[in-house]
>>> print(open('final_26.txt').read())   # compact mmCIF, N, CA and C atoms
# COMPACT_ATOMS: atom_id res chain seq x y z
N MET U 1 0.85 -1.17 0.00
CA MET U 1 0.00 0.00 0.00
C MET U 1 0.90 1.23 0.00
N GLU U 2 0.63 2.13 -0.91
CA GLU U 2 1.44 3.33 -1.04
C GLU U 2 1.13 4.32 0.08
N SER U 3 2.17 4.96 0.60
CA SER U 3 2.01 5.96 1.65
C SER U 3 1.31 7.20 1.11
N LEU U 4 0.65 7.90 2.01
CA LEU U 4 0.04 9.18 1.68
C LEU U 4 0.74 10.24 2.53
N VAL U 5 1.39 11.18 1.87
CA VAL U 5 2.17 12.19 2.58
C VAL U 5 1.82 13.56 2.01
N TYR U 6 1.42 14.47 2.89
CA TYR U 6 1.17 15.87 2.52
C TYR U 6 2.06 16.74 3.38
N GLU U 7 2.70 17.70 2.76
CA GLU U 7 3.46 18.69 3.52
C GLU U 7 2.48 19.64 4.21
N GLU U 8 2.85 20.09 5.38
CA GLU U 8 2.04 21.08 6.08
C GLU U 8 2.06 22.39 5.29
N ALA U 9 0.90 23.01 5.17
CA ALA U 9 0.78 24.30 4.47
C ALA U 9 0.06 25.28 5.39
N THR U 10 -0.15 26.47 4.92
CA THR U 10 -0.78 27.51 5.74
C THR U 10 -2.15 27.09 6.25
N GLU U 11 -2.98 26.53 5.37
CA GLU U 11 -4.36 26.21 5.73
C GLU U 11 -4.62 24.71 5.90
N THR U 12 -3.62 23.90 5.62
CA THR U 12 -3.83 22.45 5.66
C THR U 12 -2.74 21.76 6.49
N PRO U 13 -3.13 20.69 7.16
CA PRO U 13 -2.18 20.00 8.03
C PRO U 13 -1.19 19.14 7.24
N GLY U 14 -0.10 18.83 7.92
CA GLY U 14 0.81 17.82 7.39
C GLY U 14 0.23 16.45 7.68
N ILE U 15 0.50 15.51 6.80
CA ILE U 15 -0.08 14.17 6.95
C ILE U 15 0.95 13.13 6.55
N ILE U 16 1.09 12.12 7.38
CA ILE U 16 1.86 10.93 7.01
C ILE U 16 0.98 9.73 7.34
N LEU U 17 0.63 8.98 6.33
CA LEU U 17 -0.05 7.70 6.51
C LEU U 17 0.84 6.67 5.83
N ASP U 18 1.61 5.96 6.63
CA ASP U 18 2.64 5.06 6.13
C ASP U 18 2.48 3.70 6.79
N LYS U 19 1.77 2.81 6.13
CA LYS U 19 1.50 1.47 6.66
C LYS U 19 2.78 0.69 6.91
N GLU U 20 3.70 0.73 5.95
CA GLU U 20 4.93 -0.05 6.04
C GLU U 20 5.75 0.28 7.28
N ASN U 21 5.85 1.57 7.60
CA ASN U 21 6.65 2.00 8.76
C ASN U 21 5.80 2.25 10.00
N GLY U 22 4.49 2.04 9.89
CA GLY U 22 3.60 2.19 11.03
C GLY U 22 3.49 3.62 11.53
N ILE U 23 3.53 4.59 10.61
CA ILE U 23 3.43 6.00 10.99
C ILE U 23 2.09 6.54 10.48
N PHE U 24 1.28 7.02 11.42
CA PHE U 24 -0.03 7.58 11.10
C PHE U 24 -0.15 8.87 11.89
N LYS U 25 0.01 10.00 11.20
CA LYS U 25 0.09 11.28 11.90
C LYS U 25 -0.50 12.41 11.08
N ILE U 26 -1.23 13.27 11.78
CA ILE U 26 -1.74 14.52 11.20
C ILE U 26 -1.40 15.63 12.17
N TRP U 27 -0.84 16.74 11.65
CA TRP U 27 -0.42 17.83 12.52
C TRP U 27 -0.57 19.18 11.84
N GLY U 28 -0.60 20.21 12.68
CA GLY U 28 -0.61 21.58 12.18
C GLY U 28 -1.98 22.22 12.29
N LYS U 29 -2.27 23.08 11.32
CA LYS U 29 -3.55 23.79 11.27
C LYS U 29 -4.39 23.23 10.14
N SER U 30 -5.70 23.23 10.34
CA SER U 30 -6.59 22.70 9.31
C SER U 30 -7.81 23.61 9.17
N TYR U 31 -7.78 24.41 8.12
CA TYR U 31 -8.94 25.19 7.74
C TYR U 31 -8.95 25.37 6.22
N PRO U 32 -8.93 24.23 5.51
CA PRO U 32 -8.96 24.31 4.05
C PRO U 32 -10.29 24.88 3.56
N GLU U 33 -10.24 25.50 2.40
CA GLU U 33 -11.45 26.08 1.82
C GLU U 33 -12.51 25.01 1.58
N GLU U 34 -12.08 23.86 1.12
CA GLU U 34 -13.00 22.74 0.87
C GLU U 34 -12.53 21.53 1.67
N ALA U 35 -12.97 21.45 2.92
CA ALA U 35 -12.52 20.39 3.81
C ALA U 35 -12.86 19.00 3.26
N SER U 36 -14.05 18.85 2.70
CA SER U 36 -14.44 17.54 2.15
C SER U 36 -13.46 17.08 1.08
N LYS U 37 -13.14 17.99 0.20
CA LYS U 37 -12.22 17.67 -0.90
C LYS U 37 -10.82 17.36 -0.37
N PHE U 38 -10.35 18.14 0.62
CA PHE U 38 -9.02 17.92 1.18
C PHE U 38 -8.93 16.57 1.89
N PHE U 39 -9.94 16.24 2.70
CA PHE U 39 -9.88 15.02 3.52
C PHE U 39 -10.29 13.76 2.76
N GLU U 40 -10.89 13.89 1.59
CA GLU U 40 -11.35 12.71 0.84
C GLU U 40 -10.25 11.68 0.59
N PRO U 41 -9.06 12.06 0.10
CA PRO U 41 -8.03 11.05 -0.11
C PRO U 41 -7.55 10.40 1.18
N ILE U 42 -7.61 11.14 2.28
CA ILE U 42 -7.20 10.59 3.58
C ILE U 42 -8.19 9.51 4.01
N LEU U 43 -9.46 9.82 3.91
CA LEU U 43 -10.49 8.85 4.28
C LEU U 43 -10.48 7.65 3.34
N ASN U 44 -10.25 7.88 2.07
CA ASN U 44 -10.15 6.77 1.12
C ASN U 44 -8.97 5.87 1.47
N TRP U 45 -7.84 6.48 1.81
CA TRP U 45 -6.65 5.71 2.19
C TRP U 45 -6.96 4.86 3.42
N LEU U 46 -7.58 5.47 4.42
CA LEU U 46 -7.89 4.73 5.65
C LEU U 46 -8.87 3.59 5.39
N ASN U 47 -9.85 3.81 4.53
CA ASN U 47 -10.79 2.73 4.21
C ASN U 47 -10.08 1.58 3.48
N GLU U 48 -9.12 1.91 2.63
CA GLU U 48 -8.33 0.85 1.99
C GLU U 48 -7.46 0.15 3.04
N TYR U 49 -6.91 0.89 3.97
CA TYR U 49 -6.10 0.33 5.05
C TYR U 49 -6.90 -0.67 5.88
N LEU U 50 -8.19 -0.42 6.07
CA LEU U 50 -9.04 -1.34 6.83
C LEU U 50 -9.07 -2.75 6.23
N GLU U 51 -8.84 -2.84 4.93
CA GLU U 51 -8.88 -4.14 4.27
C GLU U 51 -7.69 -5.02 4.61
N ASN U 52 -6.56 -4.40 4.97
CA ASN U 52 -5.36 -5.16 5.32
C ASN U 52 -4.50 -4.33 6.28
N PRO U 53 -4.97 -4.16 7.52
CA PRO U 53 -4.28 -3.28 8.46
C PRO U 53 -3.10 -3.95 9.16
N ASN U 54 -2.28 -3.14 9.79
CA ASN U 54 -1.25 -3.64 10.69
C ASN U 54 -1.94 -4.16 11.95
N GLU U 55 -1.26 -5.04 12.67
CA GLU U 55 -1.82 -5.53 13.93
C GLU U 55 -2.00 -4.40 14.94
N ASN U 56 -1.05 -3.46 14.95
CA ASN U 56 -1.09 -2.31 15.86
C ASN U 56 -1.10 -1.02 15.06
N THR U 57 -1.99 -0.12 15.42
CA THR U 57 -2.07 1.18 14.78
C THR U 57 -2.13 2.25 15.85
N THR U 58 -1.13 3.12 15.86
CA THR U 58 -1.14 4.29 16.73
C THR U 58 -1.28 5.50 15.83
N PHE U 59 -2.36 6.22 15.99
CA PHE U 59 -2.65 7.39 15.16
C PHE U 59 -2.43 8.63 16.00
N ILE U 60 -1.57 9.53 15.52
CA ILE U 60 -1.22 10.74 16.25
C ILE U 60 -1.89 11.95 15.62
N PHE U 61 -2.63 12.67 16.45
CA PHE U 61 -3.19 13.96 16.06
C PHE U 61 -2.42 15.03 16.84
N ASN U 62 -1.96 16.05 16.15
CA ASN U 62 -1.26 17.14 16.81
C ASN U 62 -1.65 18.45 16.13
N PHE U 63 -2.87 18.86 16.38
CA PHE U 63 -3.39 20.08 15.76
C PHE U 63 -3.10 21.30 16.62
N HIS U 64 -2.82 22.41 15.95
CA HIS U 64 -2.71 23.71 16.62
C HIS U 64 -4.03 24.45 16.50
N TYR U 65 -4.76 24.11 15.43
CA TYR U 65 -6.07 24.73 15.19
C TYR U 65 -6.77 23.92 14.11
N PHE U 66 -8.10 23.81 14.23
CA PHE U 66 -8.91 23.31 13.12
C PHE U 66 -10.28 23.95 13.20
N ASN U 67 -10.89 24.16 12.02
CA ASN U 67 -12.21 24.77 11.97
C ASN U 67 -13.29 23.70 12.07
N SER U 68 -14.54 24.12 12.10
CA SER U 68 -15.64 23.17 12.29
C SER U 68 -15.77 22.19 11.13
N ALA U 69 -15.50 22.64 9.90
CA ALA U 69 -15.56 21.72 8.76
C ALA U 69 -14.49 20.63 8.89
N SER U 70 -13.31 21.01 9.35
CA SER U 70 -12.25 20.02 9.58
C SER U 70 -12.61 19.09 10.73
N SER U 71 -13.26 19.64 11.75
CA SER U 71 -13.67 18.83 12.89
C SER U 71 -14.55 17.67 12.46
N THR U 72 -15.45 17.93 11.54
CA THR U 72 -16.33 16.88 11.02
C THR U 72 -15.51 15.79 10.35
N ARG U 73 -14.50 16.17 9.59
CA ARG U 73 -13.65 15.19 8.89
C ARG U 73 -12.75 14.45 9.87
N ILE U 74 -12.27 15.14 10.89
CA ILE U 74 -11.46 14.48 11.91
C ILE U 74 -12.31 13.42 12.61
N LEU U 75 -13.55 13.74 12.87
CA LEU U 75 -14.46 12.77 13.48
C LEU U 75 -14.64 11.55 12.57
N GLU U 76 -14.72 11.76 11.28
CA GLU U 76 -14.80 10.62 10.35
C GLU U 76 -13.56 9.75 10.44
N ILE U 77 -12.39 10.36 10.58
CA ILE U 77 -11.15 9.59 10.75
C ILE U 77 -11.22 8.77 12.03
N VAL U 78 -11.67 9.41 13.10
CA VAL U 78 -11.78 8.73 14.39
C VAL U 78 -12.75 7.55 14.30
N TYR U 79 -13.88 7.75 13.64
CA TYR U 79 -14.85 6.66 13.47
C TYR U 79 -14.27 5.52 12.61
N THR U 80 -13.47 5.85 11.63
CA THR U 80 -12.82 4.82 10.82
C THR U 80 -11.85 4.01 11.68
N LEU U 81 -11.12 4.69 12.55
CA LEU U 81 -10.21 3.98 13.46
C LEU U 81 -10.99 3.10 14.42
N GLU U 82 -12.19 3.53 14.80
CA GLU U 82 -13.01 2.70 15.67
C GLU U 82 -13.46 1.42 14.96
N LYS U 83 -13.75 1.52 13.67
CA LYS U 83 -14.10 0.31 12.91
C LYS U 83 -12.97 -0.71 13.01
N LEU U 84 -11.75 -0.23 12.85
CA LEU U 84 -10.58 -1.10 12.94
C LEU U 84 -10.48 -1.73 14.33
N TYR U 85 -10.70 -0.93 15.35
CA TYR U 85 -10.65 -1.38 16.73
C TYR U 85 -11.71 -2.46 16.98
N LYS U 86 -12.90 -2.26 16.44
CA LYS U 86 -13.98 -3.22 16.64
C LYS U 86 -13.76 -4.52 15.87
N LEU U 87 -12.85 -4.48 14.89
CA LEU U 87 -12.48 -5.71 14.18
C LEU U 87 -11.46 -6.53 14.97
N GLY U 88 -11.02 -6.00 16.10
CA GLY U 88 -10.11 -6.74 16.97
C GLY U 88 -8.65 -6.34 16.87
N TYR U 89 -8.35 -5.29 16.14
CA TYR U 89 -6.97 -4.83 16.03
C TYR U 89 -6.66 -3.86 17.17
N LYS U 90 -5.38 -3.79 17.51
CA LYS U 90 -4.95 -2.86 18.55
C LYS U 90 -4.82 -1.47 17.94
N VAL U 91 -5.61 -0.53 18.46
CA VAL U 91 -5.62 0.84 17.95
C VAL U 91 -5.51 1.78 19.14
N THR U 92 -4.64 2.76 19.01
CA THR U 92 -4.51 3.81 20.02
C THR U 92 -4.49 5.15 19.30
N ILE U 93 -5.20 6.10 19.87
CA ILE U 93 -5.17 7.47 19.35
C ILE U 93 -4.40 8.31 20.36
N GLN U 94 -3.37 8.98 19.87
CA GLN U 94 -2.62 9.91 20.70
C GLN U 94 -3.02 11.33 20.31
N TRP U 95 -3.49 12.07 21.28
CA TRP U 95 -3.92 13.44 21.05
C TRP U 95 -2.88 14.36 21.70
N HIS U 96 -2.04 14.97 20.87
CA HIS U 96 -1.01 15.88 21.35
C HIS U 96 -1.55 17.30 21.30
N TYR U 97 -1.26 18.08 22.31
CA TYR U 97 -1.76 19.45 22.37
C TYR U 97 -0.83 20.31 23.20
N LEU U 98 -0.74 21.56 22.85
CA LEU U 98 0.03 22.53 23.62
C LEU U 98 -0.60 22.62 25.01
N GLU U 99 0.20 22.45 26.06
CA GLU U 99 -0.37 22.27 27.39
C GLU U 99 -1.27 23.42 27.86
N GLU U 100 -1.08 24.61 27.34
CA GLU U 100 -1.96 25.70 27.75
C GLU U 100 -3.17 25.87 26.83
N ASP U 101 -3.31 24.99 25.85
CA ASP U 101 -4.42 25.09 24.90
C ASP U 101 -5.59 24.22 25.37
N ASP U 102 -6.37 24.78 26.27
CA ASP U 102 -7.51 24.04 26.84
C ASP U 102 -8.54 23.68 25.79
N ASP U 103 -8.71 24.54 24.79
CA ASP U 103 -9.68 24.25 23.73
C ASP U 103 -9.30 22.99 22.96
N MET U 104 -8.02 22.84 22.65
CA MET U 104 -7.58 21.65 21.91
C MET U 104 -7.70 20.40 22.78
N LEU U 105 -7.39 20.53 24.06
CA LEU U 105 -7.58 19.40 24.98
C LEU U 105 -9.06 19.03 25.03
N ASP U 106 -9.94 20.02 25.15
CA ASP U 106 -11.38 19.75 25.20
C ASP U 106 -11.86 19.07 23.92
N SER U 107 -11.33 19.51 22.77
CA SER U 107 -11.71 18.86 21.51
C SER U 107 -11.32 17.39 21.52
N GLY U 108 -10.12 17.10 21.98
CA GLY U 108 -9.69 15.71 22.06
C GLY U 108 -10.56 14.90 23.00
N ARG U 109 -10.90 15.49 24.12
CA ARG U 109 -11.77 14.79 25.08
C ARG U 109 -13.14 14.50 24.47
N GLU U 110 -13.66 15.48 23.72
CA GLU U 110 -14.96 15.26 23.07
C GLU U 110 -14.88 14.09 22.08
N PHE U 111 -13.83 14.06 21.27
CA PHE U 111 -13.67 12.94 20.33
C PHE U 111 -13.55 11.62 21.10
N SER U 112 -12.79 11.63 22.18
CA SER U 112 -12.56 10.39 22.93
C SER U 112 -13.84 9.84 23.54
N GLU U 113 -14.77 10.73 23.87
CA GLU U 113 -16.03 10.29 24.47
C GLU U 113 -17.01 9.71 23.45
N MET U 114 -16.72 9.89 22.17
CA MET U 114 -17.62 9.41 21.12
C MET U 114 -17.31 8.00 20.66
N ILE U 115 -16.17 7.48 21.06
CA ILE U 115 -15.74 6.17 20.56
C ILE U 115 -15.16 5.32 21.69
N SER U 116 -14.90 4.06 21.38
CA SER U 116 -14.34 3.16 22.38
C SER U 116 -12.84 2.93 22.22
N VAL U 117 -12.22 3.55 21.23
CA VAL U 117 -10.78 3.40 21.01
C VAL U 117 -10.03 4.09 22.16
N PRO U 118 -8.98 3.45 22.68
CA PRO U 118 -8.18 4.11 23.72
C PRO U 118 -7.56 5.41 23.22
N PHE U 119 -7.72 6.44 24.00
CA PHE U 119 -7.16 7.77 23.71
C PHE U 119 -6.07 8.04 24.73
N GLU U 120 -4.95 8.57 24.27
CA GLU U 120 -3.90 9.04 25.16
C GLU U 120 -3.75 10.54 24.93
N PHE U 121 -3.62 11.30 26.00
CA PHE U 121 -3.45 12.74 25.88
C PHE U 121 -2.01 13.10 26.24
N HIS U 122 -1.37 13.84 25.34
CA HIS U 122 0.04 14.18 25.48
C HIS U 122 0.24 15.69 25.40
N PRO U 123 0.29 16.37 26.56
CA PRO U 123 0.57 17.80 26.53
C PRO U 123 2.04 18.04 26.22
N TYR U 124 2.33 19.16 25.59
CA TYR U 124 3.72 19.55 25.36
C TYR U 124 3.83 21.06 25.48
N THR U 125 5.05 21.52 25.59
CA THR U 125 5.29 22.96 25.67
C THR U 125 5.90 23.44 24.36
N ASP U 126 5.95 24.74 24.17
CA ASP U 126 6.58 25.30 22.97
C ASP U 126 8.02 24.82 22.82
N GLN U 127 8.70 24.62 23.92
CA GLN U 127 10.10 24.20 23.89
C GLN U 127 10.26 22.75 23.44
N ASP U 128 9.20 21.96 23.54
CA ASP U 128 9.29 20.54 23.16
C ASP U 128 9.41 20.35 21.66
N ASN U 129 9.04 21.36 20.88
CA ASN U 129 9.02 21.23 19.41
C ASN U 129 8.24 20.01 18.96
N ASN U 130 7.14 19.75 19.58
CA ASN U 130 6.34 18.58 19.28
C ASN U 130 5.48 18.86 18.10
>>> encode(input="final_26.txt", output="structure tokens")
Amino acid sequence: MESLVYEEATETPGIILDKENGIFKIWGKSYPEEASKFFEPILNWLNEYLENPNENTTFIFNFHYFNSASSTRILEIVYTLEKLYKLGYKVTIQWHYLEEDDDMLDSGREFSEMISVPFEFHPYTDQDNN
């Protein structure tokens, strides 16, 4: 399965979906003009991944900001990961957030309450370069 990699841009997050190396990460800011169009290849990739997943999947979210349209797509990603979890695979979601960003922590908590996948919360400081 070919990796999906997007460089971080002003309005769109960086993305690495790499089955071979077990790297699943989205980071940065997300407020694309057309969130559905931007996230479509990501969701397609994840749905293909469901057909032949790794035994263990750790998905890292590290957003600095996302708008409501992106939030809807992030929730779709989370629900896709829950499908994998319900199939019996080991899935963990790591939610990284700047420790003083209560809004981002609250967003992660809200997502975690909607699904049964284990969520880990990882605060960091500006100095951590996370």
>>> atom_distance(input="final_26.txt", atom1="atom CA of U:Arg73", atom2="atom CA of U:Leu46")
12.4 Å
>>> residues_around(input="final_26.txt", residues="U:Leu4", least_positions_apart="3", cutoff="8 Å", atoms="all atoms listed in the file", output="MDAnalysis selection string")
chainID U and resid 1 7 15:19 41:42 45
>>> closest_residue(input="final_26.txt", among="U:Phe111, U:Glu2, U:Thr57, U:Val117", to="U:Gly22", atoms="all atoms listed in the file")
U:Thr57
>>> select_by_dssp(input="final_26.txt", residues="stretch 11-97 of chain U", states="strand (DSSP E or B)", output="VMD selection string")
chain U and resid 14 to 18 23 to 30 56 to 66 90 to 97
>>> closest_residue(input="final_26.txt", among="U:Leu84, U:Glu8, U:Glu113, U:Pro13", to="U:Tyr49", atoms="only N, CA and C atoms")
U:Leu84
>>> closest_residue(input="final_26.txt", among="U:Asn21, U:Thr58, U:Thr125, U:Ser36", to="U:Leu98", atoms="all atoms listed in the file")
U:Thr125
>>> residues_around(input="final_26.txt", residues="U:Phe61", least_positions_apart="3", cutoff="8 Å", atoms="all atoms listed in the file", output="list in words")
Phe24, Lys25, Ile26, Trp27, Gly28, Thr58, His64, Ile93, Gln94, Trp95, His96 and Tyr97 of chain U
>>> atom_distance(input="final_26.txt", atom1="atom N of U:Ile115", atom2="atom N of U:Asn44")
19.9 Å
>>> closest_residue(input="final_26.txt", among="U:Ser116, U:Tyr31, U:His122, U:Ala9", to="U:Phe66", atoms="only C-alpha atoms")
U:Tyr31
>>> atom_distance(input="final_26.txt", atom1="atom CA of U:Met114", atom2="atom CA of U:Glu40")
21.5 Å
>>> closest_residue(input="final_26.txt", among="U:Ser112, U:Asn52, U:Ser107, U:Thr92", to="U:Ser68", atoms="only C-alpha atoms")
U:Ser107
>>> select_by_dssp(input="final_26.txt", residues="chain U", states="alpha helix (DSSP H)", output="CSV table (one decimal) with N, CA and C atoms, in the frame of the given file")
chain,number,residue,atom,x,y,z
U,35,ALA,N,-13.0,21.4,2.9
U,35,ALA,CA,-12.5,20.4,3.8
U,35,ALA,C,-12.9,19.0,3.3
U,36,SER,N,-14.0,18.8,2.7
U,36,SER,CA,-14.4,17.5,2.2
U,36,SER,C,-13.5,17.1,1.1
U,37,LYS,N,-13.1,18.0,0.2
U,37,LYS,CA,-12.2,17.7,-0.9
U,37,LYS,C,-10.8,17.4,-0.4
U,38,PHE,N,-10.4,18.1,0.6
U,38,PHE,CA,-9.0,17.9,1.2
U,38,PHE,C,-8.9,16.6,1.9
U,39,PHE,N,-9.9,16.2,2.7
U,39,PHE,CA,-9.9,15.0,3.5
U,39,PHE,C,-10.3,13.8,2.8
U,40,GLU,N,-10.9,13.9,1.6
U,40,GLU,CA,-11.4,12.7,0.8
U,40,GLU,C,-10.2,11.7,0.6
U,41,PRO,N,-9.1,12.1,0.1
U,41,PRO,CA,-8.0,11.0,-0.1
U,41,PRO,C,-7.6,10.4,1.2
U,42,ILE,N,-7.6,11.1,2.3
U,42,ILE,CA,-7.2,10.6,3.6
U,42,ILE,C,-8.2,9.5,4.0
U,43,LEU,N,-9.5,9.8,3.9
U,43,LEU,CA,-10.5,8.8,4.3
U,43,LEU,C,-10.5,7.6,3.3
U,44,ASN,N,-10.2,7.9,2.1
U,44,ASN,CA,-10.2,6.8,1.1
U,44,ASN,C,-9.0,5.9,1.5
U,45,TRP,N,-7.8,6.5,1.8
U,45,TRP,CA,-6.6,5.7,2.2
U,45,TRP,C,-7.0,4.9,3.4
U,46,LEU,N,-7.6,5.5,4.4
U,46,LEU,CA,-7.9,4.7,5.6
U,46,LEU,C,-8.9,3.6,5.4
U,47,ASN,N,-9.8,3.8,4.5
U,47,ASN,CA,-10.8,2.7,4.2
U,47,ASN,C,-10.1,1.6,3.5
U,48,GLU,N,-9.1,1.9,2.6
U,48,GLU,CA,-8.3,0.8,2.0
U,48,GLU,C,-7.5,0.2,3.0
U,49,TYR,N,-6.9,0.9,4.0
U,49,TYR,CA,-6.1,0.3,5.0
U,49,TYR,C,-6.9,-0.7,5.9
U,50,LEU,N,-8.2,-0.4,6.1
U,50,LEU,CA,-9.0,-1.3,6.8
U,50,LEU,C,-9.1,-2.8,6.2
U,51,GLU,N,-8.8,-2.8,4.9
U,51,GLU,CA,-8.9,-4.1,4.3
U,51,GLU,C,-7.7,-5.0,4.6
U,68,SER,N,-14.5,24.1,12.1
U,68,SER,CA,-15.6,23.2,12.3
U,68,SER,C,-15.8,22.2,11.1
U,69,ALA,N,-15.5,22.6,9.9
U,69,ALA,CA,-15.6,21.7,8.8
U,69,ALA,C,-14.5,20.6,8.9
U,70,SER,N,-13.3,21.0,9.4
U,70,SER,CA,-12.2,20.0,9.6
U,70,SER,C,-12.6,19.1,10.7
U,71,SER,N,-13.3,19.6,11.8
U,71,SER,CA,-13.7,18.8,12.9
U,71,SER,C,-14.6,17.7,12.5
U,72,THR,N,-15.4,17.9,11.5
U,72,THR,CA,-16.3,16.9,11.0
U,72,THR,C,-15.5,15.8,10.4
U,73,ARG,N,-14.5,16.2,9.6
U,73,ARG,CA,-13.6,15.2,8.9
U,73,ARG,C,-12.8,14.4,9.9
U,74,ILE,N,-12.3,15.1,10.9
U,74,ILE,CA,-11.5,14.5,11.9
U,74,ILE,C,-12.3,13.4,12.6
U,75,LEU,N,-13.6,13.7,12.9
U,75,LEU,CA,-14.5,12.8,13.5
U,75,LEU,C,-14.6,11.6,12.6
U,76,GLU,N,-14.7,11.8,11.3
U,76,GLU,CA,-14.8,10.6,10.4
U,76,GLU,C,-13.6,9.8,10.4
U,77,ILE,N,-12.4,10.4,10.6
U,77,ILE,CA,-11.2,9.6,10.8
U,77,ILE,C,-11.2,8.8,12.0
U,78,VAL,N,-11.7,9.4,13.1
U,78,VAL,CA,-11.8,8.7,14.4
U,78,VAL,C,-12.8,7.6,14.3
U,79,TYR,N,-13.9,7.8,13.6
U,79,TYR,CA,-14.8,6.7,13.5
U,79,TYR,C,-14.3,5.5,12.6
U,80,THR,N,-13.5,5.8,11.6
U,80,THR,CA,-12.8,4.8,10.8
U,80,THR,C,-11.8,4.0,11.7
U,81,LEU,N,-11.1,4.7,12.6
U,81,LEU,CA,-10.2,4.0,13.5
U,81,LEU,C,-11.0,3.1,14.4
U,82,GLU,N,-12.2,3.5,14.8
U,82,GLU,CA,-13.0,2.7,15.7
U,82,GLU,C,-13.5,1.4,15.0
U,83,LYS,N,-13.8,1.5,13.7
U,83,LYS,CA,-14.1,0.3,12.9
U,83,LYS,C,-13.0,-0.7,13.0
U,84,LEU,N,-11.8,-0.2,12.8
U,84,LEU,CA,-10.6,-1.1,12.9
U,84,LEU,C,-10.5,-1.7,14.3
U,85,TYR,N,-10.7,-0.9,15.4
U,85,TYR,CA,-10.6,-1.4,16.7
U,85,TYR,C,-11.7,-2.5,17.0
U,86,LYS,N,-12.9,-2.3,16.4
U,86,LYS,CA,-14.0,-3.2,16.6
U,86,LYS,C,-13.8,-4.5,15.9
U,102,ASP,N,-6.4,24.8,26.3
U,102,ASP,CA,-7.5,24.0,26.8
U,102,ASP,C,-8.5,23.7,25.8
U,103,ASP,N,-8.7,24.5,24.8
U,103,ASP,CA,-9.7,24.2,23.7
U,103,ASP,C,-9.3,23.0,23.0
U,104,MET,N,-8.0,22.8,22.6
U,104,MET,CA,-7.6,21.6,21.9
U,104,MET,C,-7.7,20.4,22.8
U,105,LEU,N,-7.4,20.5,24.1
U,105,LEU,CA,-7.6,19.4,25.0
U,105,LEU,C,-9.1,19.0,25.0
U,106,ASP,N,-9.9,20.0,25.2
U,106,ASP,CA,-11.4,19.8,25.2
U,106,ASP,C,-11.9,19.1,23.9
U,107,SER,N,-11.3,19.5,22.8
U,107,SER,CA,-11.7,18.9,21.5
U,107,SER,C,-11.3,17.4,21.5
U,108,GLY,N,-10.1,17.1,22.0
U,108,GLY,CA,-9.7,15.7,22.1
U,108,GLY,C,-10.6,14.9,23.0
U,109,ARG,N,-10.9,15.5,24.1
U,109,ARG,CA,-11.8,14.8,25.1
U,109,ARG,C,-13.1,14.5,24.5
U,110,GLU,N,-13.7,15.5,23.7
U,110,GLU,CA,-15.0,15.3,23.1
U,110,GLU,C,-14.9,14.1,22.1
U,111,PHE,N,-13.8,14.1,21.3
U,111,PHE,CA,-13.7,12.9,20.3
U,111,PHE,C,-13.6,11.6,21.1
U,112,SER,N,-12.8,11.6,22.2
U,112,SER,CA,-12.6,10.4,22.9
U,112,SER,C,-13.8,9.8,23.5
U,113,GLU,N,-14.8,10.7,23.9
U,113,GLU,CA,-16.0,10.3,24.5
U,113,GLU,C,-17.0,9.7,23.4
U,114,MET,N,-16.7,9.9,22.2
U,114,MET,CA,-17.6,9.4,21.1
U,114,MET,C,-17.3,8.0,20.7
>>> closest_residue(input="final_26.txt", among="U:Phe38, U:Tyr6, U:Phe119, U:Tyr65", to="U:Met104", atoms="all atoms listed in the file")
U:Tyr65
>>> axis_aligned_box(input="final_26.txt", around="stretch 41-48 of chain U", padding_each_side="5 Å", output="lines of an AutoDock Vina configuration file")
center_x = -8.7
center_y = 6.1
center_z = 2.8
size_x = 14.1
size_y = 21.9
size_z = 15.8
>>> residues_around(input="final_26.txt", residues="U:Gly88", least_positions_apart="4", cutoff="12 Å", atoms="only C-alpha atoms", output="compact mmCIF listing (two decimals) with N, CA and C atoms, in the frame of the given file")
# COMPACT_ATOMS: atom_id res chain seq x y z
N LEU U 50 -8.19 -0.42 6.07
CA LEU U 50 -9.04 -1.34 6.83
C LEU U 50 -9.07 -2.75 6.23
N PRO U 53 -4.97 -4.16 7.52
CA PRO U 53 -4.28 -3.28 8.46
C PRO U 53 -3.10 -3.95 9.16
N ASN U 54 -2.28 -3.14 9.79
CA ASN U 54 -1.25 -3.64 10.69
C ASN U 54 -1.94 -4.16 11.95
N GLU U 55 -1.26 -5.04 12.67
CA GLU U 55 -1.82 -5.53 13.93
C GLU U 55 -2.00 -4.40 14.94
N ASN U 56 -1.05 -3.46 14.95
CA ASN U 56 -1.09 -2.31 15.86
C ASN U 56 -1.10 -1.02 15.06
N THR U 57 -1.99 -0.12 15.42
CA THR U 57 -2.07 1.18 14.78
C THR U 57 -2.13 2.25 15.85
N LEU U 81 -11.12 4.69 12.55
CA LEU U 81 -10.21 3.98 13.46
C LEU U 81 -10.99 3.10 14.42
N GLU U 82 -12.19 3.53 14.80
CA GLU U 82 -13.01 2.70 15.67
C GLU U 82 -13.46 1.42 14.96
N LYS U 83 -13.75 1.52 13.67
CA LYS U 83 -14.10 0.31 12.91
C LYS U 83 -12.97 -0.71 13.01
N LEU U 84 -11.75 -0.23 12.85
CA LEU U 84 -10.58 -1.10 12.94
C LEU U 84 -10.48 -1.73 14.33
N VAL U 117 -12.22 3.55 21.23
CA VAL U 117 -10.78 3.40 21.01
C VAL U 117 -10.03 4.09 22.16
